[in-house]
>>> print(open('work.csv').read())   # CSV, C-alpha atoms and all ligand atoms
chain,number,residue,atom,x,y,z
A,1,MET,CA,-32.7,115.2,67.4
A,2,PRO,CA,-35.6,115.8,65.1
A,3,ALA,CA,-35.0,115.6,61.4
A,4,TRP,CA,-35.4,119.4,60.9
A,5,PRO,CA,-31.7,120.5,61.1
A,6,ASP,CA,-30.7,117.8,58.7
A,7,CYS,CA,-33.6,118.7,56.4
A,8,GLY,CA,-32.6,122.4,56.7
A,9,ALA,CA,-29.0,121.4,55.7
A,10,ARG,CA,-30.3,119.4,52.8
A,11,ILE,CA,-32.4,122.3,51.5
A,12,ALA,CA,-29.4,124.7,52.0
A,13,ARG,CA,-27.2,122.3,50.1
A,14,ALA,CA,-29.8,121.9,47.3
A,15,LEU,CA,-30.1,125.7,47.0
A,16,LEU,CA,-26.3,126.1,46.9
A,17,ILE,CA,-26.1,123.5,44.1
A,18,CYS,CA,-28.9,125.3,42.3
A,19,ALA,CA,-27.2,128.7,42.6
A,20,CYS,CA,-23.9,127.2,41.4
A,21,THR,CA,-25.5,125.5,38.4
A,22,LEU,CA,-27.2,128.8,37.6
A,23,LEU,CA,-23.9,130.7,37.9
A,24,THR,CA,-22.0,128.2,35.8
A,25,TYR,CA,-24.8,128.3,33.2
A,26,ASN,CA,-24.7,132.1,33.1
A,27,ALA,CA,-20.9,132.3,33.0
A,28,THR,CA,-21.0,129.8,30.1
A,29,ALA,CA,-23.7,131.9,28.5
A,30,ALA,CA,-21.5,135.0,28.9
A,31,GLU,CA,-18.7,133.3,27.0
A,32,SER,CA,-20.8,131.4,24.5
A,33,LEU,CA,-22.1,134.6,22.8
A,34,SER,CA,-21.7,134.1,19.1
A,35,LEU,CA,-22.2,137.1,16.8
A,36,LYS,CA,-23.1,136.6,13.2
A,37,PRO,CA,-21.5,139.2,10.9
A,38,ILE,CA,-23.8,140.4,8.1
A,39,ARG,CA,-22.0,141.3,4.9
A,40,LEU,CA,-22.9,144.7,3.5
A,41,SER,CA,-20.5,145.3,0.7
A,42,GLU,CA,-17.2,144.0,-0.7
A,43,HIS,CA,-15.2,145.0,2.3
A,44,ILE,CA,-17.7,145.6,5.1
A,45,TRP,CA,-19.7,143.6,7.7
A,46,TYR,CA,-21.7,144.5,10.7
A,47,VAL,CA,-23.4,142.8,13.7
A,48,GLN,CA,-26.8,144.0,14.7
A,49,GLY,CA,-27.8,144.4,18.3
A,50,GLN,CA,-31.3,143.6,19.6
A,51,ALA,CA,-34.0,146.3,20.0
A,52,GLY,CA,-34.7,147.7,23.5
A,53,PRO,CA,-32.7,148.7,26.5
A,54,ALA,CA,-29.8,146.6,28.0
A,55,SER,CA,-31.0,143.7,30.1
A,56,ALA,CA,-29.8,140.3,31.3
A,57,THR,CA,-31.9,138.7,28.5
A,58,ASN,CA,-30.1,140.5,25.7
A,59,GLN,CA,-26.7,140.4,27.6
A,60,GLY,CA,-26.3,144.1,26.7
A,61,PHE,CA,-26.2,143.3,23.0
A,62,ILE,CA,-28.3,146.3,22.0
A,63,SER,CA,-26.1,148.3,19.6
A,64,ASN,CA,-24.4,147.6,16.3
A,65,ALA,CA,-20.7,147.4,15.4
A,66,GLY,CA,-19.0,147.0,12.1
A,67,PHE,CA,-15.7,146.1,10.5
A,68,VAL,CA,-13.9,146.9,7.3
A,69,VAL,CA,-11.4,144.3,5.9
A,70,THR,CA,-8.7,145.9,3.8
A,71,PRO,CA,-5.5,144.2,2.4
A,72,GLU,CA,-3.5,146.0,5.1
A,73,GLY,CA,-5.7,145.2,8.1
A,74,VAL,CA,-9.1,145.6,9.7
A,75,VAL,CA,-10.8,148.8,10.9
A,76,VAL,CA,-13.5,148.3,13.5
A,77,ILE,CA,-16.3,150.7,14.1
A,78,ASP,CA,-17.5,150.5,17.7
A,79,ALA,CA,-16.9,147.8,20.2
A,80,LEU,CA,-20.3,146.9,21.7
A,81,GLY,CA,-21.5,147.1,25.3
A,82,THR,CA,-19.7,144.6,27.5
A,83,PRO,CA,-16.1,143.1,27.5
A,84,ALA,CA,-17.7,139.7,26.6
A,85,LEU,CA,-19.4,141.2,23.6
A,86,GLY,CA,-16.1,142.8,22.6
A,87,ARG,CA,-14.5,139.3,22.7
A,88,ALA,CA,-17.4,137.9,20.7
A,89,LEU,CA,-17.0,140.6,18.1
A,90,LEU,CA,-13.3,140.0,17.8
A,91,ALA,CA,-14.1,136.2,17.4
A,92,ALA,CA,-16.6,137.1,14.7
A,93,ILE,CA,-14.1,139.2,12.8
A,94,ARG,CA,-11.6,136.4,13.1
A,95,ARG,CA,-14.0,134.1,11.3
A,96,VAL,CA,-13.9,136.5,8.3
A,97,SER,CA,-10.3,137.7,8.3
A,98,ASP,CA,-7.0,136.9,10.0
A,99,LYS,CA,-5.6,140.4,9.1
A,100,PRO,CA,-4.4,142.5,12.0
A,101,ILE,CA,-6.9,144.8,13.7
A,102,ARG,CA,-5.4,148.2,12.9
A,103,ARG,CA,-7.8,150.6,14.6
A,104,VAL,CA,-11.1,150.9,16.3
A,105,ILE,CA,-13.1,154.1,15.7
A,106,VAL,CA,-15.5,154.8,18.6
A,107,THR,CA,-18.5,156.7,17.2
A,108,HIS,CA,-19.2,158.1,20.7
A,109,TYR,CA,-18.4,157.1,24.3
A,110,HIS,CA,-21.7,155.7,25.4
A,111,SER,CA,-21.5,152.4,27.4
A,112,ASP,CA,-23.3,150.3,24.8
A,113,HIS,CA,-20.6,151.2,22.2
A,114,PHE,CA,-17.3,151.1,24.0
A,115,TYR,CA,-17.4,148.6,27.0
A,116,GLY,CA,-16.1,145.9,24.6
A,117,LEU,CA,-12.8,147.8,23.9
A,118,PRO,CA,-10.5,145.7,26.2
A,119,ALA,CA,-10.5,142.8,23.7
A,120,PHE,CA,-9.3,145.2,21.0
A,121,LYS,CA,-6.8,147.0,23.2
A,122,ALA,CA,-5.3,143.6,23.9
A,123,THR,CA,-4.7,143.0,20.2
A,124,GLY,CA,-2.6,146.3,20.1
A,125,ALA,CA,-5.2,148.1,17.9
A,126,ASP,CA,-5.2,151.9,18.0
A,127,ILE,CA,-8.4,153.3,19.5
A,128,TRP,CA,-9.6,156.6,18.1
A,129,ALA,CA,-12.4,158.9,19.3
A,130,HIS,CA,-13.3,162.6,19.2
A,131,ARG,CA,-11.7,164.6,22.0
A,132,ASN,CA,-15.1,165.6,23.4
A,133,ALA,CA,-15.4,162.1,24.8
A,134,ARG,CA,-13.0,163.3,27.6
A,135,GLU,CA,-15.8,165.3,29.1
A,136,TYR,CA,-17.7,162.0,29.6
A,137,LEU,CA,-14.8,159.9,30.7
A,138,ASP,CA,-13.5,162.5,33.2
A,139,GLY,CA,-16.9,163.5,34.5
A,140,SER,CA,-19.3,161.8,36.9
A,141,ILE,CA,-21.6,160.4,34.2
A,142,ALA,CA,-19.2,157.7,33.2
A,143,GLN,CA,-19.0,156.3,36.7
A,144,ALA,CA,-22.8,156.6,37.3
A,145,ARG,CA,-23.5,154.7,34.1
A,146,LEU,CA,-20.9,152.1,35.0
A,147,ALA,CA,-22.7,151.5,38.4
A,148,GLN,CA,-26.0,151.3,36.6
A,149,ARG,CA,-24.6,148.7,34.1
A,150,GLN,CA,-23.1,146.7,36.9
A,151,ARG,CA,-26.6,146.3,38.3
A,152,GLU,CA,-28.4,145.7,35.0
A,153,LEU,CA,-25.7,143.4,33.5
A,154,ALA,CA,-24.1,142.0,36.6
A,155,LEU,CA,-22.7,138.9,35.0
A,156,TRP,CA,-21.0,140.8,32.2
A,157,VAL,CA,-20.1,144.2,33.7
A,158,ASN,CA,-18.5,144.3,37.2
A,159,GLU,CA,-15.9,146.0,39.3
A,160,ARG,CA,-13.1,144.7,37.0
A,161,THR,CA,-14.7,146.3,33.9
A,162,GLN,CA,-12.2,148.8,32.4
A,163,LEU,CA,-13.3,152.0,30.7
A,164,VAL,CA,-10.7,151.9,28.0
A,165,ARG,CA,-9.6,155.4,26.7
A,166,PRO,CA,-8.6,156.2,23.2
A,167,ASN,CA,-4.9,156.4,22.4
A,168,ARG,CA,-5.7,159.0,19.8
A,169,TRP,CA,-8.0,161.9,20.3
A,170,LEU,CA,-9.4,163.5,17.2
A,171,GLU,CA,-9.8,167.3,17.0
A,172,GLY,CA,-12.5,167.2,14.3
A,173,SER,CA,-13.2,165.4,11.0
A,174,LEU,CA,-10.3,163.4,9.5
A,175,SER,CA,-9.7,161.2,6.5
A,176,PHE,CA,-7.2,158.4,6.1
A,177,VAL,CA,-6.4,155.7,3.6
A,178,LEU,CA,-5.8,152.1,4.6
A,179,GLY,CA,-5.3,149.2,2.1
A,180,GLY,CA,-6.5,151.4,-0.7
A,181,LEU,CA,-9.8,152.3,1.0
A,182,HIS,CA,-10.7,155.9,1.9
A,183,PHE,CA,-12.2,156.4,5.4
A,184,ASP,CA,-13.8,159.7,6.2
A,185,LEU,CA,-14.4,160.3,9.9
A,186,ILE,CA,-16.9,163.0,10.1
A,187,TYR,CA,-17.5,164.9,13.3
A,188,VAL,CA,-21.2,165.7,13.6
A,189,GLY,CA,-21.4,166.5,17.3
A,190,PRO,CA,-22.5,167.7,19.7
A,191,ALA,CA,-25.7,166.1,18.7
A,192,HIS,CA,-26.7,162.7,20.2
A,193,ALA,CA,-23.5,163.0,22.2
A,194,PRO,CA,-20.7,165.6,22.5
A,195,ASP,CA,-18.3,163.4,20.6
A,196,ASP,CA,-20.5,162.0,17.7
A,197,LEU,CA,-18.4,160.7,14.8
A,198,ALA,CA,-19.8,159.2,11.6
A,199,VAL,CA,-17.6,156.9,9.4
A,200,MET,CA,-18.0,156.8,5.6
A,201,VAL,CA,-16.0,154.2,3.6
A,202,ARG,CA,-15.9,155.9,0.2
A,203,GLU,CA,-15.2,153.0,-2.2
A,204,ASP,CA,-18.1,150.9,-0.7
A,205,ALA,CA,-20.3,154.0,0.0
A,206,VAL,CA,-21.2,152.5,3.4
A,207,LEU,CA,-21.9,155.0,6.2
A,208,PHE,CA,-21.8,154.2,9.9
A,209,SER,CA,-23.9,157.0,11.5
A,210,GLY,CA,-23.4,156.1,15.1
A,211,ASP,CA,-26.4,157.1,17.2
A,212,ILE,CA,-27.3,159.9,14.9
A,213,VAL,CA,-29.7,157.3,13.5
A,214,PHE,CA,-31.7,154.8,15.5
A,215,SER,CA,-33.8,152.3,13.6
A,216,GLY,CA,-36.8,150.3,15.0
A,217,ARG,CA,-36.7,151.8,18.5
A,218,ILE,CA,-37.1,155.0,20.4
A,219,PRO,CA,-33.8,156.9,20.3
A,220,PHE,CA,-32.0,157.8,23.5
A,221,VAL,CA,-32.0,161.5,23.5
A,222,GLY,CA,-31.4,162.5,27.2
A,223,ASP,CA,-29.9,165.9,27.3
A,224,ALA,CA,-28.6,165.8,23.7
A,225,ASP,CA,-28.7,168.8,21.5
A,226,SER,CA,-31.6,167.8,19.3
A,227,ARG,CA,-31.4,171.0,17.1
A,228,ARG,CA,-27.8,170.1,16.1
A,229,TRP,CA,-28.8,166.4,15.8
A,230,LEU,CA,-31.5,167.2,13.2
A,231,ALA,CA,-28.8,169.2,11.3
A,232,ALA,CA,-26.4,166.3,11.5
A,233,MET,CA,-28.9,164.0,9.9
A,234,ASP,CA,-29.2,166.4,6.9
A,235,GLU,CA,-25.4,166.5,6.6
A,236,LEU,CA,-25.2,162.7,6.6
A,237,LEU,CA,-27.9,162.4,3.9
A,238,GLN,CA,-25.9,164.7,1.6
A,239,LEU,CA,-23.2,161.9,1.6
A,240,ASN,CA,-25.6,159.7,-0.4
A,241,PRO,CA,-24.6,156.4,1.1
A,242,LYS,CA,-25.6,153.2,-0.6
A,243,VAL,CA,-25.8,151.5,2.8
A,244,LEU,CA,-26.5,153.2,6.1
A,245,VAL,CA,-25.6,151.4,9.4
A,246,PRO,CA,-27.4,153.1,12.3
A,247,GLY,CA,-26.1,152.8,15.9
A,248,HIS,CA,-29.2,150.7,16.7
A,249,GLY,CA,-31.4,148.7,14.3
A,250,ALA,CA,-31.0,147.1,10.9
A,251,ALA,CA,-28.7,148.5,8.2
A,252,SER,CA,-30.6,150.3,5.4
A,253,ARG,CA,-30.2,150.7,1.7
A,254,ASP,CA,-32.6,153.6,1.7
A,255,ALA,CA,-31.0,156.1,4.1
A,256,ALA,CA,-33.6,158.8,3.6
A,257,ALA,CA,-36.4,156.5,4.6
A,258,ASP,CA,-34.4,155.1,7.6
A,259,LEU,CA,-33.8,158.5,9.0
A,260,VAL,CA,-37.5,159.2,9.3
A,261,LEU,CA,-38.2,157.7,12.6
A,262,THR,CA,-35.4,159.4,14.4
A,263,ARG,CA,-36.1,162.7,12.7
A,264,ASP,CA,-39.8,162.7,13.2
A,265,TYR,CA,-39.5,161.7,16.8
A,266,LEU,CA,-37.0,164.5,17.5
A,267,ARG,CA,-39.2,167.0,15.8
A,268,TYR,CA,-42.3,165.8,17.8
A,269,LEU,CA,-40.4,166.0,21.1
A,270,ARG,CA,-39.2,169.5,20.2
A,271,ALA,CA,-42.6,170.7,19.2
A,272,ALA,CA,-44.4,169.3,22.2
A,273,MET,CA,-41.9,170.3,24.8
A,274,GLY,CA,-41.2,173.6,23.1
A,275,LYS,CA,-44.8,174.6,23.3
A,276,ALA,CA,-44.9,173.6,27.0
A,277,ALA,CA,-41.7,175.5,27.8
A,278,GLU,CA,-43.1,178.6,26.0
A,279,GLU,CA,-46.4,178.4,27.9
A,280,LEU,CA,-44.4,177.9,31.1
A,281,LEU,CA,-46.3,174.7,31.7
A,282,PRO,CA,-44.6,172.5,34.4
A,283,PHE,CA,-42.9,169.5,32.9
A,284,ASP,CA,-45.1,166.8,34.6
A,285,GLU,CA,-48.2,168.4,33.3
A,286,ALA,CA,-46.8,168.8,29.8
A,287,TYR,CA,-45.7,165.2,29.7
A,288,GLN,CA,-49.1,163.9,30.7
A,289,GLN,CA,-50.9,166.1,28.2
A,290,THR,CA,-48.7,165.0,25.3
A,291,ASP,CA,-50.2,162.4,23.0
A,292,TRP,CA,-47.5,159.6,22.9
A,293,SER,CA,-49.7,157.0,21.1
A,294,LYS,CA,-47.6,157.0,18.0
A,295,TYR,CA,-44.4,156.0,19.9
A,296,LYS,CA,-45.8,154.2,23.0
A,297,HIS,CA,-45.6,150.7,21.6
A,298,MET,CA,-42.0,151.0,20.2
A,299,PRO,CA,-39.1,149.3,21.8
A,300,ALA,CA,-37.3,151.4,24.5
A,301,PHE,CA,-40.2,153.7,24.9
A,302,GLU,CA,-40.6,153.0,28.7
A,303,ALA,CA,-36.9,153.2,29.3
A,304,SER,CA,-36.2,156.4,27.3
A,305,ASN,CA,-39.2,158.5,26.5
A,306,ARG,CA,-39.7,160.4,29.7
A,307,ILE,CA,-36.0,161.2,30.2
A,308,ASN,CA,-35.9,162.3,26.5
A,309,ALA,CA,-38.9,164.5,27.0
A,310,TYR,CA,-37.4,166.0,30.1
A,311,GLY,CA,-34.0,166.7,28.5
A,312,THR,CA,-35.8,168.3,25.5
A,313,TYR,CA,-38.0,170.4,27.8
A,314,LEU,CA,-34.9,171.8,29.5
A,315,LEU,CA,-33.1,172.4,26.2
A,316,LEU,CA,-36.1,174.2,24.7
A,317,GLU,CA,-36.3,176.4,27.8
A,318,ARG,CA,-32.7,177.3,27.2
A,319,GLU,CA,-33.2,177.9,23.5
A,320,SER,CA,-36.2,180.2,24.2
A,321,LEU,CA,-34.0,182.3,26.6
A,322,GLN,CA,-31.4,182.7,23.8
A,323,ARG,CA,-34.0,184.1,21.4
B,401,ZN,ZN,-25.5,156.6,22.2
>>> encode(input="work.csv", output="structure tokens")
Amino acid sequence: MPAWPDCGARIARALLICACTLLTYNATAAESLSLKPIRLSEHIWYVQGQAGPASATNQGFISNAGFVVTPEGVVVIDALGTPALGRALLAAIRRVSDKPIRRVIVTHYHSDHFYGLPAFKATGADIWAHRNAREYLDGSIAQARLAQRQRELALWVNERTQLVRPNRWLEGSLSFVLGGLHFDLIYVGPAHAPDDLAVMVREDAVLFSGDIVFSGRIPFVGDADSRRWLAAMDELLQLNPKVLVPGHGAASRDAAADLVLTRDYLRYLRAAMGKAAEELLPFDEAYQQTDWSKYKHMPAFEASNRINAYGTYLLLERESLQR
């Protein structure tokens, strides 16, 4: 027999070895994620996700999460975007404190903020979120987003990924004291999401804004209520935080300055799409005519801008009908 079949078998074997090596490498990469907590104040740390949309390169680490260490236990704010990231966050907390994880506050049920919950559920921590997250979890969007994440982050999000529900639904804003620290959970939705919560830790004057503030990238707006969102930013500024931790991007010690990108972008979207809706200009035409040069080079522009503009166009159409 000619050498071909043998050669074919050798190539197949080599490819298989290659694929296995790659899989092992990636599985190791998924588990070897190490997050570096950045200290913000006496009791508070956060981890900062990378700019841009979720991809295999950033392993879905695109949002922030924080934790507050009190003498009576740890409170975590958000759980990151994959089960592996949740485990890595828990490991990072464990390098700072061995106190029990008492509760996780989810600022809103978007995949990049809550897919890491299984690790915290396993510790027995309470998981709190605003009741409007039910809309998302019980509707079709949660499943559609999960399918999308399974494609984008196949090594980290798969058919076994659980969408963990809160074990306490909040009706609105709520304050509690733990280990002598006062936590204010402030309901600011529906703005970026129907269930937006911000978390202020009074003694340290640190504010976790959730996705009411994005820093260093184009926000994800989608079909959000941008009018309410702009009002929510004003409410948060009134709290005068010493440190603001946005949902995405670096923490800031100048909250007013850090809000500018999100605020100006929302205003620009509303002005441009509002004008188009008023003039009954079709969306595609309006989108093409709009000057996006100020935002075009920012991270997440390609992934988010068109869908943001479209959502805003529809919203402004509805708003103009209400007038
Ligand atoms: Zn979000």
>>> residues_near_ligand(input="work.csv", ligand="ligand ZN 401 (chain B)", cutoff="7 Å", atoms="only C-alpha atoms and all ligand atoms", output="PyMOL selection string")
chain A and resi 108+110+192-193+211+220
>>> residues_around(input="work.csv", residues="Leu185 in chain A", least_positions_apart="2", cutoff="10 Å", atoms="only C-alpha atoms", output="list in words")
Ile105, Thr107, Ala129, His130, Leu170, Gly172, Ser173, Leu174, Ser175, Phe176, His182, Phe183, Tyr187, Val188, Leu197, Ala198, Val199, Met200, Val201, Leu207 and Phe208 of chain A
>>> residues_around(input="work.csv", residues="range 48-50 of chain A", least_positions_apart="2", cutoff="6 Å", atoms="all atoms listed in the file", output="PyMOL selection string")
chain A and resi 61-64
>>> atom_distance(input="work.csv", atom1="CA of Gly66 in chain A", atom2="CA of Ala147 in chain A")
26.9 Å
>>> residues_around(input="work.csv", residues="Leu236 in chain A", least_positions_apart="3", cutoff="12 Å", atoms="only C-alpha atoms", output="MDAnalysis selection string")
chainID A and resid 184:189 197:200 205:210 212:213 229:233 239:246 255:256 258:259
>>> closest_residue(input="work.csv", among="A:Ala271, A:Ala191, A:Leu33, A:Leu155", to="Asp223 in chain A", atoms="all atoms listed in the file")
A:Ala191
>>> closest_residue(input="work.csv", among="A:Arg145, A:Ile218, A:Gly274, A:Trp156", to="Ser304 in chain A", atoms="only C-alpha atoms")
A:Ile218
>>> residues_around(input="work.csv", residues="Trp169 in chain A", least_positions_apart="2", cutoff="10 Å", atoms="all atoms listed in the file", output="compact mmCIF listing (two decimals) with C-alpha atoms, in the frame of the given file")
# COMPACT_ATOMS: atom_id res chain seq x y z
CA ILE A 127 -8.40 153.30 19.50
CA TRP A 128 -9.60 156.60 18.10
CA ALA A 129 -12.40 158.90 19.30
CA HIS A 130 -13.30 162.60 19.20
CA ARG A 131 -11.70 164.60 22.00
CA ASN A 132 -15.10 165.60 23.40
CA ALA A 133 -15.40 162.10 24.80
CA ARG A 134 -13.00 163.30 27.60
CA ARG A 165 -9.60 155.40 26.70
CA PRO A 166 -8.60 156.20 23.20
CA ASN A 167 -4.90 156.40 22.40
CA GLU A 171 -9.80 167.30 17.00
CA GLY A 172 -12.50 167.20 14.30
>>> atom_distance(input="work.csv", atom1="CA of Leu35 in chain A", atom2="CA of Arg202 in chain A")
25.9 Å
>>> closest_residue(input="work.csv", among="A:Leu40, A:Ala119, A:Leu314, A:Ala84", to="Asn158 in chain A", atoms="only C-alpha atoms")
A:Ala84
>>> residues_around(input="work.csv", residues="Pro190 in chain A", least_positions_apart="6", cutoff="7 Å", atoms="all atoms listed in the file", output="PDB file with C-alpha atoms, in the frame of the given file")
ATOM      1  CA  ASP A 196     -20.500 162.000  17.700  1.00  0.00           C
ATOM      2  CA  ASP A 225     -28.700 168.800  21.500  1.00  0.00           C
ATOM      3  CA  ARG A 228     -27.800 170.100  16.100  1.00  0.00           C
TER       4      ARG A 228
END
>>> closest_residue(input="work.csv", among="A:Thr161, A:Ser111, A:Thr70, A:Ser34", to="Ile141 in chain A", atoms="all atoms listed in the file")
A:Ser111
>>> closest_residue(input="work.csv", among="A:Leu117, A:Val177, A:Leu237, A:Val76", to="Leu163 in chain A", atoms="only C-alpha atoms")
A:Leu117
>>> atom_distance(input="work.csv", atom1="CA of Gln288 in chain A", atom2="CA of Tyr313 in chain A")
13.2 Å
>>> closest_residue(input="work.csv", among="A:Gly247, A:Pro53, A:Gly311, A:Gly179", to="Leu80 in chain A", atoms="only C-alpha atoms")
A:Gly247
>>> decode(input="work.csv", residues="range 287-306 of chain A", atoms="N, CA and C atoms", output="short mmCIF file (atom, residue, chain, number, x, y, z; two decimals), in the first residue's frame")
data_model
loop_
_atom_site.label_atom_id
_atom_site.label_comp_id
_atom_site.auth_asym_id
_atom_site.auth_seq_id
_atom_site.Cartn_x
_atom_site.Cartn_y
_atom_site.Cartn_z
N TYR A 287 -28.53 57.20 11.29
CA TYR A 287 -27.28 56.66 11.83
C TYR A 287 -26.10 57.08 10.96
N GLN A 288 -26.31 56.97 9.65
CA GLN A 288 -25.23 57.32 8.72
C GLN A 288 -24.90 58.80 8.75
N GLN A 289 -25.91 59.61 8.94
CA GLN A 289 -25.68 61.07 8.91
C GLN A 289 -25.06 61.59 10.20
N THR A 290 -25.15 60.80 11.27
CA THR A 290 -24.64 61.30 12.55
C THR A 290 -23.11 61.26 12.57
N ASP A 291 -22.52 62.31 13.11
CA ASP A 291 -21.06 62.37 13.22
C ASP A 291 -20.63 61.64 14.50
N TRP A 292 -20.05 60.45 14.34
CA TRP A 292 -19.64 59.64 15.50
C TRP A 292 -18.16 59.80 15.81
N SER A 293 -17.49 60.76 15.16
CA SER A 293 -16.02 60.81 15.23
C SER A 293 -15.48 60.93 16.67
N LYS A 294 -16.25 61.59 17.55
CA LYS A 294 -15.78 61.75 18.93
C LYS A 294 -15.69 60.40 19.67
N TYR A 295 -16.53 59.44 19.26
CA TYR A 295 -16.62 58.18 20.01
C TYR A 295 -16.05 56.97 19.27
N LYS A 296 -15.87 57.16 17.96
CA LYS A 296 -15.53 56.03 17.07
C LYS A 296 -14.30 55.23 17.50
N HIS A 297 -13.35 55.89 18.14
CA HIS A 297 -12.11 55.19 18.48
C HIS A 297 -12.09 54.64 19.90
N MET A 298 -13.23 54.75 20.58
CA MET A 298 -13.25 54.26 21.96
C MET A 298 -13.55 52.77 22.02
N PRO A 299 -13.02 52.08 23.05
CA PRO A 299 -13.35 50.66 23.19
C PRO A 299 -14.86 50.43 23.25
N ALA A 300 -15.28 49.34 22.62
CA ALA A 300 -16.67 48.88 22.60
C ALA A 300 -17.56 49.68 21.65
N PHE A 301 -16.97 50.61 20.87
CA PHE A 301 -17.80 51.37 19.92
C PHE A 301 -18.44 50.43 18.91
N GLU A 302 -17.61 49.58 18.27
CA GLU A 302 -18.13 48.68 17.23
C GLU A 302 -19.21 47.77 17.78
N ALA A 303 -18.99 47.26 18.98
CA ALA A 303 -19.93 46.28 19.53
C ALA A 303 -21.22 46.94 20.03
N SER A 304 -21.16 48.19 20.44
CA SER A 304 -22.32 48.76 21.15
C SER A 304 -23.01 49.93 20.46
N ASN A 305 -22.27 50.71 19.66
CA ASN A 305 -22.83 52.01 19.29
C ASN A 305 -24.12 51.92 18.46
N ARG A 306 -24.12 51.04 17.48
CA ARG A 306 -25.29 50.99 16.61
C ARG A 306 -26.54 50.54 17.38
#
